[in-house]
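Peer 1: My structure is below; once you've seen it, I'll send some questions.
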Amino acid sequence: MRSLLKRICLALLSFIFAGGLFAQESIIIMPDITTYIESGVEQRQVFNSEDISQSNTESLTDFLESQGMQILTYGAYGLEAKPSIRGFTDETVRVVIDGVCVNNAQYGTFDFTSISIENIERIEIVRGGFSEEPGDEGAVGGTIYITTKKQTIEKTFTSDSSIKTFFNLNFPLDTFSQSLNFSTPLPDDSSLKLNLKGTFAKNLFLFNSYNNILKQRENSRVIDGQAGINYLKFFGNGNSFSTGELFYIGNKECPGSENETNIGLQRDYDNNLTFNLNFPEFLKVLNFKNNLAWLYNVRFYDDNLGHTEHYISTIKYKGTIEAKPAPFYYQNAGLLLNFVDLKSTTDGNHFLFELALTQTCSFTFLDHYTVSIPLIYKLSGNNQAFIPKLGLKGSWNNFELILNAYRMVQFPNMDDLYWQDSVYHGNPDLKEESGWGGEITANLFKCVSLCAYTNYYENKIQWAGTMPQNVSSAFYFGLDMLFKKSFLQDRLLIQANAEYLYTALLNKKNPGTYKKKIMWTPDWTGSLTVTYKTDKYALNLNGSYVGKRYTSNANLYFMDPYFLLNASAQMNIQTENFIFTPYLKLSNILNTDYEAVENYPVPGISLTLGLKFGTRSH
């Protein structure tokens, strides 16, 4: 199997490097910082590096939560946290980093602590199943696009040091974090970037137990580190080659639920190696992009029940060709190949092949109207699906109207197919989950967005008895509301969003859940962020809300809504060659006693003190 993967890798490398024969000598054209194709009608919520930096959040999930996204978190820093979009979570929310979909093939999710938030240049959130980018491979709930910081044409160095306290007198200084980033130009139109980050989190916070007794969270320590290196080379006419290596190691104590006695220890070793070869003027008419990635994920887990090991080796290739033969017409076509080799003590040894063929055509007429038609065919193991989408947009001076319709498809992960222990076992005969969705969006004055959407979803995979089955179906209806506006000559920025969601389970074979709401899914979520900034300082106040959630599909019990209030302040001190930015952040200022997942305590109030340091460009 390994020799087969090597031959496939070599064949793909030979194919993508063949395009170098067409390179021409010309001036260097710096590439745009994007992870997506030119949009026709796709609606995105965008955050840049300045938004991320001024929030002073310690992780990507903290930032997403501050922007009103529901996060199913199982504790403090480093422990499992899963974003939920429009009631969908886990593998139905795709994560794409620099064009590569990084959802784990075994269990479908992505470990958000494995990427340093200081290394992120841009975040785009696409809600729902309509997307025009082939990298999401057919998302259902939505897609989170992440663009990492690229090398610059100047030598730069930045550092971020922080300490955090949960005001626990037994352990007053709880979390320590340090990141270092260095970028430098090299001879012959090339550059190099290095980044390092390490975190020690004892996670000894206080919480009120189920019987209202103040307790200290134990067995929750996380020690992790990240290291990355990227090389970028231009070779005429804007053509570029880049390669990057990102390594993550994490040692995580998993305390389980509030009264859990079976304490776990999880050790993660992740290695992501990528190669990118881009020809923006291939044959003078095409933008030809190639991406080859090797993702190697290793997880060891120990608890009272024993020891498990999981080795996942994934080779991914994505090639896209874009063309704009006329001002009114845009076309792209893409090929995605995944080769997954799994060796697991719970899933056994298996090989998975996935293929996706994509195309998006978009054309504009009468200067105001755009039609976009993304089409995807995907093959995954024994399952295959055709995923059509259609988008229409009308644009005028201060008003846009967007109509989208799409099919949604989610293939079973390898745990669903192959899991095996003394009680439960996977089901290799599972079919893909599928459904249909539609949206209508109005954008007003380039600052307000209102979206109404509906989805019908069927063949949802649920563990019924001792094995998973395609047994569930559900109806979704919701409203998304976004607001973003600058005032006082861009010194004051106000951002707000809210989402209302109604769900109903439609499996008539289960009368106990028929027409009931989906568990863990809140009726309302939202956030409000106010940022005031000058050249000398920045102040940030953020509030986020998560509404009532039922603890089971029978809707017998529910968890109370909660509101989190956070604030941060930073000061910029500049000298001729350096920038110093001391900052502080108060999280959960109201010391709200809440749980994102039932019986998994999360921290109350905390204070973070930090110092960012960087060199100035001239």
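If you're wondering about the labels, chains in the structure tokens are A, B, ... by order shown, residues count from 1 in each chain, ligands from 1 in order shown.
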Set the distance at 8 Å and use only C-alpha atoms: which residues neighbour Thr454 of chain A once local chain neighbours fewer than 2 positions away are removed? I'd like the list as a list in words.
Peer 2: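 Here the qualifying residues turn out to be Gly437, Gly438, Glu439, Ala452, Tyr456, Phe475, Tyr476, Phe477 and Gly478 of chain A.
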Peer 1: Just the selected residues (N, CA and C atoms), exported as a PDB file, in the first residue's frame, please.
Peer 2:
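File out02.pdb, as written:
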ATOM      1  N   GLY A 437     -31.358  22.453  -0.231  1.00  0.00           N
ATOM      2  CA  GLY A 437     -31.454  23.702   0.496  1.00  0.00           C
ATOM      3  C   GLY A 437     -31.688  24.871  -0.431  1.00  0.00           C
ATOM      4  N   GLY A 438     -32.203  25.948   0.132  1.00  0.00           N
ATOM      5  CA  GLY A 438     -32.424  27.174  -0.623  1.00  0.00           C
ATOM      6  C   GLY A 438     -32.236  28.387   0.264  1.00  0.00           C
ATOM      7  N   GLU A 439     -31.812  29.511  -0.330  1.00  0.00           N
ATOM      8  CA  GLU A 439     -31.569  30.745   0.418  1.00  0.00           C
ATOM      9  C   GLU A 439     -32.040  31.941  -0.390  1.00  0.00           C
ATOM     10  N   ALA A 452     -32.707  34.416   4.587  1.00  0.00           N
ATOM     11  CA  ALA A 452     -33.644  33.381   5.020  1.00  0.00           C
ATOM     12  C   ALA A 452     -33.296  32.102   4.268  1.00  0.00           C
ATOM     13  N   TYR A 456     -33.911  20.603   3.766  1.00  0.00           N
ATOM     14  CA  TYR A 456     -34.475  19.301   4.101  1.00  0.00           C
ATOM     15  C   TYR A 456     -33.349  18.296   3.969  1.00  0.00           C
ATOM     16  N   PHE A 475     -36.026  18.845   9.059  1.00  0.00           N
ATOM     17  CA  PHE A 475     -36.335  20.084   8.346  1.00  0.00           C
ATOM     18  C   PHE A 475     -35.691  21.233   9.115  1.00  0.00           C
ATOM     19  N   TYR A 476     -35.107  22.182   8.374  1.00  0.00           N
ATOM     20  CA  TYR A 476     -34.448  23.349   8.954  1.00  0.00           C
ATOM     21  C   TYR A 476     -35.037  24.609   8.323  1.00  0.00           C
ATOM     22  N   PHE A 477     -35.248  25.624   9.161  1.00  0.00           N
ATOM     23  CA  PHE A 477     -35.586  26.957   8.663  1.00  0.00           C
ATOM     24  C   PHE A 477     -34.887  27.968   9.555  1.00  0.00           C
ATOM     25  N   GLY A 478     -34.256  28.963   8.922  1.00  0.00           N
ATOM     26  CA  GLY A 478     -33.525  29.921   9.732  1.00  0.00           C
ATOM     27  C   GLY A 478     -33.397  31.282   9.089  1.00  0.00           C
TER      28      GLY A 478
END
Peer 1: If you count only C-alpha atoms, which residues fall within 7 Å of segment 89-98 of chain A, apart from same-chain ones fewer than 5 positions away, as a VMD selection string?
Peer 2: chain A and resid 35 82 to 84 103 108 to 109 135 to 136 139 to 148 410
Peer 1: Find the residue from A:Asp415, A:Asp174, A:Glu432, A:Glu499 that sits nearest to Ser449 of chain A; use only C-alpha atoms when measuring.
Peer 2: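 Among A:Asp415, A:Asp174, A:Glu432, A:Glu499, it is A:Glu499 that comes nearest to Ser449 of chain A.
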Peer 1: Give me, as JSON, numbers by chain, the residues of segment 279-517 of chain A that a backbone DSSP run labels strand (DSSP E or B).
Peer 2: {"A": [279, 280, 281, 282, 286, 287, 288, 289, 290, 291, 292, 293, 294, 295, 296, 297, 298, 299, 300, 301, 302, 303, 306, 307, 308, 309, 310, 311, 312, 313, 314, 315, 316, 317, 318, 319, 320, 321, 322, 323, 324, 325, 326, 329, 330, 331, 332, 333, 334, 335, 336, 337, 338, 339, 340, 341, 342, 343, 344, 348, 349, 350, 351, 352, 353, 354, 355, 356, 357, 358, 359, 360, 361, 362, 363, 364, 365, 369, 370, 371, 372, 373, 374, 375, 376, 377, 378, 379, 380, 383, 384, 385, 386, 387, 388, 389, 390, 391, 392, 393, 394, 395, 399, 400, 401, 402, 403, 404, 405, 406, 407, 408, 409, 410, 420, 425, 433, 434, 435, 436, 437, 438, 439, 440, 441, 442, 443, 444, 448, 449, 450, 451, 452, 453, 454, 455, 456, 457, 458, 459, 460, 461, 462, 463, 464, 467, 468, 469, 470, 471, 472, 473, 474, 475, 476, 477, 478, 479, 480, 481, 482, 483, 484, 485, 486, 487, 492, 493, 494, 495, 496, 497, 498, 499, 500, 501, 502, 503, 504, 505]}
Peer 1: Near Gln45 of chain A, counting only C-alpha atoms, which residues have an atom at most 9 Å away, once you skip same-chain residues fewer than 2 positions from it, shown as a list in words?
Peer 2: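 Listing them by chain and then by number gives Gln43, Phe47, Ile123, Glu124, Ile125, Val126, Arg127 and Leu482 of chain A.
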Peer 1: Residues as selected, N, CA, C and O atoms, written as a PDB file, in the first residue's frame, can you do that?
Peer 2:
ATOM      1  N   GLN A  43     -21.866  34.183  -0.779  1.00  0.00           N
ATOM      2  CA  GLN A  43     -21.904  35.148   0.313  1.00  0.00           C
ATOM      3  C   GLN A  43     -20.901  34.734   1.383  1.00  0.00           C
ATOM      4  O   GLN A  43     -20.964  33.624   1.892  1.00  0.00           O
ATOM      5  N   PHE A  47     -13.017  38.110   7.808  1.00  0.00           N
ATOM      6  CA  PHE A  47     -12.240  38.712   8.892  1.00  0.00           C
ATOM      7  C   PHE A  47     -10.777  38.722   8.460  1.00  0.00           C
ATOM      8  O   PHE A  47     -10.246  37.696   8.028  1.00  0.00           O
ATOM      9  N   ILE A 123      -9.865  34.921   7.451  1.00  0.00           N
ATOM     10  CA  ILE A 123     -10.874  33.892   7.689  1.00  0.00           C
ATOM     11  C   ILE A 123     -12.124  34.275   6.905  1.00  0.00           C
ATOM     12  O   ILE A 123     -12.591  35.414   6.985  1.00  0.00           O
ATOM     13  N   GLU A 124     -12.648  33.337   6.115  1.00  0.00           N
ATOM     14  CA  GLU A 124     -13.915  33.538   5.439  1.00  0.00           C
ATOM     15  C   GLU A 124     -14.872  32.429   5.865  1.00  0.00           C
ATOM     16  O   GLU A 124     -14.500  31.254   5.874  1.00  0.00           O
ATOM     17  N   ILE A 125     -16.085  32.819   6.198  1.00  0.00           N
ATOM     18  CA  ILE A 125     -17.095  31.859   6.624  1.00  0.00           C
ATOM     19  C   ILE A 125     -18.229  31.867   5.606  1.00  0.00           C
ATOM     20  O   ILE A 125     -18.831  32.910   5.337  1.00  0.00           O
ATOM     21  N   VAL A 126     -18.482  30.724   5.007  1.00  0.00           N
ATOM     22  CA  VAL A 126     -19.614  30.543   4.104  1.00  0.00           C
ATOM     23  C   VAL A 126     -20.640  29.684   4.836  1.00  0.00           C
ATOM     24  O   VAL A 126     -20.351  28.543   5.200  1.00  0.00           O
ATOM     25  N   ARG A 127     -21.798  30.232   5.076  1.00  0.00           N
ATOM     26  CA  ARG A 127     -22.844  29.515   5.795  1.00  0.00           C
ATOM     27  C   ARG A 127     -23.745  28.796   4.793  1.00  0.00           C
ATOM     28  O   ARG A 127     -24.149  29.364   3.783  1.00  0.00           O
ATOM     29  N   LEU A 482     -26.587  40.005   9.496  1.00  0.00           N
ATOM     30  CA  LEU A 482     -25.231  40.509   9.682  1.00  0.00           C
ATOM     31  C   LEU A 482     -25.222  42.022   9.521  1.00  0.00           C
ATOM     32  O   LEU A 482     -25.944  42.582   8.684  1.00  0.00           O
TER      33      LEU A 482
END
Peer 1: At a cut-off of 8 Å, using only C-alpha atoms, what residues contact segment 197-206 of chain A? Leave out same-chain residues fewer than 5 positions from it and give the result as a PyMOL selection string.
Peer 2: chain A and resi 76-77+116+166-168+171+174-180+214-218+220-227+603-604
Peer 1: Take the residues from that selection and write them out as an mmCIF file, in the first residue's frame, keeping N, CA, C and O atoms.
Peer 2:
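The file below, out-v2.cif, is the result:
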data_model
loop_
_atom_site.group_PDB
_atom_site.id
_atom_site.type_symbol
_atom_site.label_atom_id
_atom_site.label_comp_id
_atom_site.auth_asym_id
_atom_site.auth_seq_id
_atom_site.Cartn_x
_atom_site.Cartn_y
_atom_site.Cartn_z
ATOM 1 N N ALA A 76 -11.446 23.880 28.600
ATOM 2 C CA ALA A 76 -10.624 25.054 28.341
ATOM 3 C C ALA A 76 -9.707 24.793 27.148
ATOM 4 O O ALA A 76 -9.943 23.902 26.325
ATOM 5 N N TYR A 77 -8.634 25.568 27.053
ATOM 6 C CA TYR A 77 -7.749 25.527 25.887
ATOM 7 C C TYR A 77 -7.256 24.107 25.580
ATOM 8 O O TYR A 77 -6.875 23.350 26.470
ATOM 9 N N SER A 116 -2.022 27.822 14.694
ATOM 10 C CA SER A 116 -1.815 29.004 15.527
ATOM 11 C C SER A 116 -2.604 30.174 14.954
ATOM 12 O O SER A 116 -2.492 30.496 13.763
ATOM 13 N N PHE A 166 -7.061 32.177 35.849
ATOM 14 C CA PHE A 166 -8.486 31.952 36.123
ATOM 15 C C PHE A 166 -8.841 32.402 37.540
ATOM 16 O O PHE A 166 -9.901 32.034 38.053
ATOM 17 N N PHE A 167 -7.954 33.173 38.166
ATOM 18 C CA PHE A 167 -8.159 33.674 39.524
ATOM 19 C C PHE A 167 -8.351 32.532 40.515
ATOM 20 O O PHE A 167 -9.131 32.637 41.466
ATOM 21 N N ASN A 168 -7.634 31.449 40.282
ATOM 22 C CA ASN A 168 -7.626 30.311 41.187
ATOM 23 C C ASN A 168 -6.402 30.451 42.093
ATOM 24 O O ASN A 168 -5.258 30.364 41.620
ATOM 25 N N PHE A 171 -3.514 27.963 41.934
ATOM 26 C CA PHE A 171 -2.633 27.985 40.773
ATOM 27 C C PHE A 171 -2.889 29.298 40.033
ATOM 28 O O PHE A 171 -3.563 29.328 39.002
ATOM 29 N N ASP A 174 -2.058 30.310 35.180
ATOM 30 C CA ASP A 174 -2.498 29.021 34.674
ATOM 31 C C ASP A 174 -1.917 28.658 33.310
ATOM 32 O O ASP A 174 -1.469 27.538 33.103
ATOM 33 N N THR A 175 -1.952 29.588 32.360
ATOM 34 C CA THR A 175 -1.608 29.277 30.970
ATOM 35 C C THR A 175 -0.508 30.197 30.484
ATOM 36 O O THR A 175 -0.567 31.416 30.684
ATOM 37 N N PHE A 176 0.499 29.616 29.842
ATOM 38 C CA PHE A 176 1.618 30.354 29.278
ATOM 39 C C PHE A 176 1.708 30.021 27.793
ATOM 40 O O PHE A 176 1.639 28.854 27.402
ATOM 41 N N SER A 177 1.881 31.055 26.967
ATOM 42 C CA SER A 177 1.952 30.837 25.524
ATOM 43 C C SER A 177 3.003 31.752 24.914
ATOM 44 O O SER A 177 3.145 32.915 25.329
ATOM 45 N N GLN A 178 3.735 31.217 23.931
ATOM 46 C CA GLN A 178 4.767 31.988 23.247
ATOM 47 C C GLN A 178 4.772 31.611 21.771
ATOM 48 O O GLN A 178 4.804 30.433 21.417
ATOM 49 N N SER A 179 4.704 32.628 20.908
ATOM 50 C CA SER A 179 4.814 32.385 19.466
ATOM 51 C C SER A 179 5.886 33.288 18.879
ATOM 52 O O SER A 179 6.089 34.421 19.334
ATOM 53 N N LEU A 180 6.572 32.769 17.851
ATOM 54 C CA LEU A 180 7.630 33.495 17.148
ATOM 55 C C LEU A 180 7.413 33.312 15.652
ATOM 56 O O LEU A 180 7.137 32.194 15.186
ATOM 57 N N LEU A 214 -18.735 24.592 44.746
ATOM 58 C CA LEU A 214 -17.595 25.116 44.005
ATOM 59 C C LEU A 214 -16.478 24.076 43.977
ATOM 60 O O LEU A 214 -15.999 23.630 45.022
ATOM 61 N N LYS A 215 -16.073 23.675 42.773
ATOM 62 C CA LYS A 215 -15.044 22.667 42.604
ATOM 63 C C LYS A 215 -13.955 23.178 41.663
ATOM 64 O O LYS A 215 -14.133 24.176 40.957
ATOM 65 N N GLN A 216 -12.848 22.472 41.673
ATOM 66 C CA GLN A 216 -11.731 22.791 40.786
ATOM 67 C C GLN A 216 -11.627 21.720 39.705
ATOM 68 O O GLN A 216 -11.637 20.532 40.015
ATOM 69 N N ARG A 217 -11.570 22.156 38.449
ATOM 70 C CA ARG A 217 -11.443 21.200 37.348
ATOM 71 C C ARG A 217 -10.056 20.557 37.394
ATOM 72 O O ARG A 217 -9.044 21.249 37.424
ATOM 73 N N GLU A 218 -10.015 19.233 37.405
ATOM 74 C CA GLU A 218 -8.757 18.494 37.511
ATOM 75 C C GLU A 218 -8.495 17.718 36.222
ATOM 76 O O GLU A 218 -9.358 17.562 35.367
ATOM 77 N N SER A 220 -6.837 18.205 33.459
ATOM 78 C CA SER A 220 -7.212 18.914 32.238
ATOM 79 C C SER A 220 -6.012 19.601 31.588
ATOM 80 O O SER A 220 -6.174 20.476 30.751
ATOM 81 N N ARG A 221 -4.816 19.203 31.948
ATOM 82 C CA ARG A 221 -3.606 19.892 31.465
ATOM 83 C C ARG A 221 -3.380 19.632 29.976
ATOM 84 O O ARG A 221 -3.555 18.518 29.493
ATOM 85 N N VAL A 222 -2.947 20.675 29.274
ATOM 86 C CA VAL A 222 -2.606 20.574 27.857
ATOM 87 C C VAL A 222 -1.239 21.212 27.634
ATOM 88 O O VAL A 222 -1.012 22.363 28.031
ATOM 89 N N ILE A 223 -0.341 20.469 27.016
ATOM 90 C CA ILE A 223 0.952 20.991 26.580
ATOM 91 C C ILE A 223 1.066 20.712 25.084
ATOM 92 O O ILE A 223 0.986 19.557 24.666
ATOM 93 N N ASP A 224 1.203 21.763 24.285
ATOM 94 C CA ASP A 224 1.299 21.526 22.853
ATOM 95 C C ASP A 224 2.250 22.518 22.198
ATOM 96 O O ASP A 224 2.677 23.505 22.810
ATOM 97 N N GLY A 225 2.611 22.229 20.965
ATOM 98 C CA GLY A 225 3.527 23.079 20.222
ATOM 99 C C GLY A 225 3.332 22.923 18.729
ATOM 100 O O GLY A 225 2.887 21.874 18.245
ATOM 101 N N GLN A 226 3.622 23.991 18.003
ATOM 102 C CA GLN A 226 3.527 23.999 16.551
ATOM 103 C C GLN A 226 4.816 24.556 15.966
ATOM 104 O O GLN A 226 5.445 25.450 16.550
ATOM 105 N N ALA A 227 5.197 24.045 14.810
ATOM 106 C CA ALA A 227 6.370 24.536 14.095
ATOM 107 C C ALA A 227 6.069 24.502 12.613
ATOM 108 O O ALA A 227 5.502 23.530 12.104
ATOM 109 N N PRO A 603 -14.570 27.362 31.685
ATOM 110 C CA PRO A 603 -14.085 28.364 32.640
ATOM 111 C C PRO A 603 -15.027 29.542 32.828
ATOM 112 O O PRO A 603 -15.800 29.902 31.941
ATOM 113 N N GLY A 604 -14.911 30.141 34.009
ATOM 114 C CA GLY A 604 -15.547 31.421 34.278
ATOM 115 C C GLY A 604 -14.621 32.550 33.870
ATOM 116 O O GLY A 604 -13.931 32.472 32.855
#
Peer 1: When distances are computed from only C-alpha atoms, which of A:Tyr311, A:Asp160, A:Asn237, A:Asn443 shows the smallest separation from Val41 of chain A?
Peer 2: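 Closest to Val41 of chain A of all the choices is A:Asn443.
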Peer 1: Considering only C-alpha atoms, return as a count of residues only whatever protein or nucleic-acid residues lie within 8 Å of Pro374 of chain A, sequence-local ones (same chain, fewer than 5 positions apart) excluded.
Peer 2: 9
Peer 1: So that I can see what lies close to segment 58-62 of chain A, please list as JSON, numbers by chain the residues with an atom at most 9 Å from it, counting only C-alpha atoms and leaving out residues fewer than 3 positions away in the same chain.
Peer 2: {"A": [65, 66, 67, 71, 73, 77, 78, 81, 82, 83, 112, 113, 115, 116, 117, 118, 177]}
Peer 1: Please identify all polymer residues within 8 Å of segment 504-521 of chain A, counting only C-alpha atoms, omitting same-chain residues fewer than 2 positions from it, and present them as a PyMOL selection string.
Peer 2: chain A and resi 87+471-476+502+523+548-555+597
Peer 1: Dump C-alpha atoms for the selected residues as a CSV table (one decimal), in the first residue's frame?
Peer 2:
chain,number,residue,atom,x,y,z
A,87,GLY,CA,-27.4,23.4,13.3
A,471,VAL,CA,-32.3,6.5,9.8
A,472,SER,CA,-32.8,10.2,10.4
A,473,SER,CA,-34.3,13.1,8.5
A,474,ALA,CA,-35.0,16.7,9.5
A,475,PHE,CA,-36.3,20.1,8.3
A,476,TYR,CA,-34.4,23.3,9.0
A,502,TYR,CA,-36.0,26.2,13.8
A,523,ASP,CA,-33.0,28.7,18.8
A,548,LYS,CA,-31.8,27.2,24.7
A,549,ARG,CA,-30.6,23.8,23.7
A,550,TYR,CA,-32.3,20.4,24.3
A,551,THR,CA,-30.0,17.7,25.7
A,552,SER,CA,-31.6,14.9,23.6
A,553,ASN,CA,-33.8,14.5,20.6
A,554,ALA,CA,-36.7,13.6,22.9
A,555,ASN,CA,-36.7,17.3,24.0
A,597,VAL,CA,-22.1,20.6,26.3
Peer 1: Pick from A:Asn332, A:Asn211, A:Ser183, A:Gln489: nearest to Glu154 of chain A, with only C-alpha atoms counted?
Peer 2: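 Going through A:Asn332, A:Asn211, A:Ser183, A:Gln489 one by one, the smallest distance to Glu154 of chain A is for A:Ser183.
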Peer 1: From the list A:Ala105, A:Phe234, A:Phe275, A:Val371, which residue is nearest Glu354 of chain A when using only C-alpha atoms?
Peer 2: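 Nearest candidate to Glu354 of chain A out of A:Ala105, A:Phe234, A:Phe275, A:Val371: A:Ala105.
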Peer 1: Rank nothing, just name the residue among A:Tyr74, A:Phe411, A:Tyr269, A:Phe580 nearest to Ser257 of chain A, using only C-alpha atoms.
Peer 2: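 Between A:Tyr74, A:Phe411, A:Tyr269, A:Phe580, the residue approaching Ser257 of chain A most closely is A:Tyr74.
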Peer 1: Can you tell me how far atom CA of Asn588 of chain A sits from atom CA of Glu253 of chain A, in Å to one decimal?
Peer 2: 23.5 Å
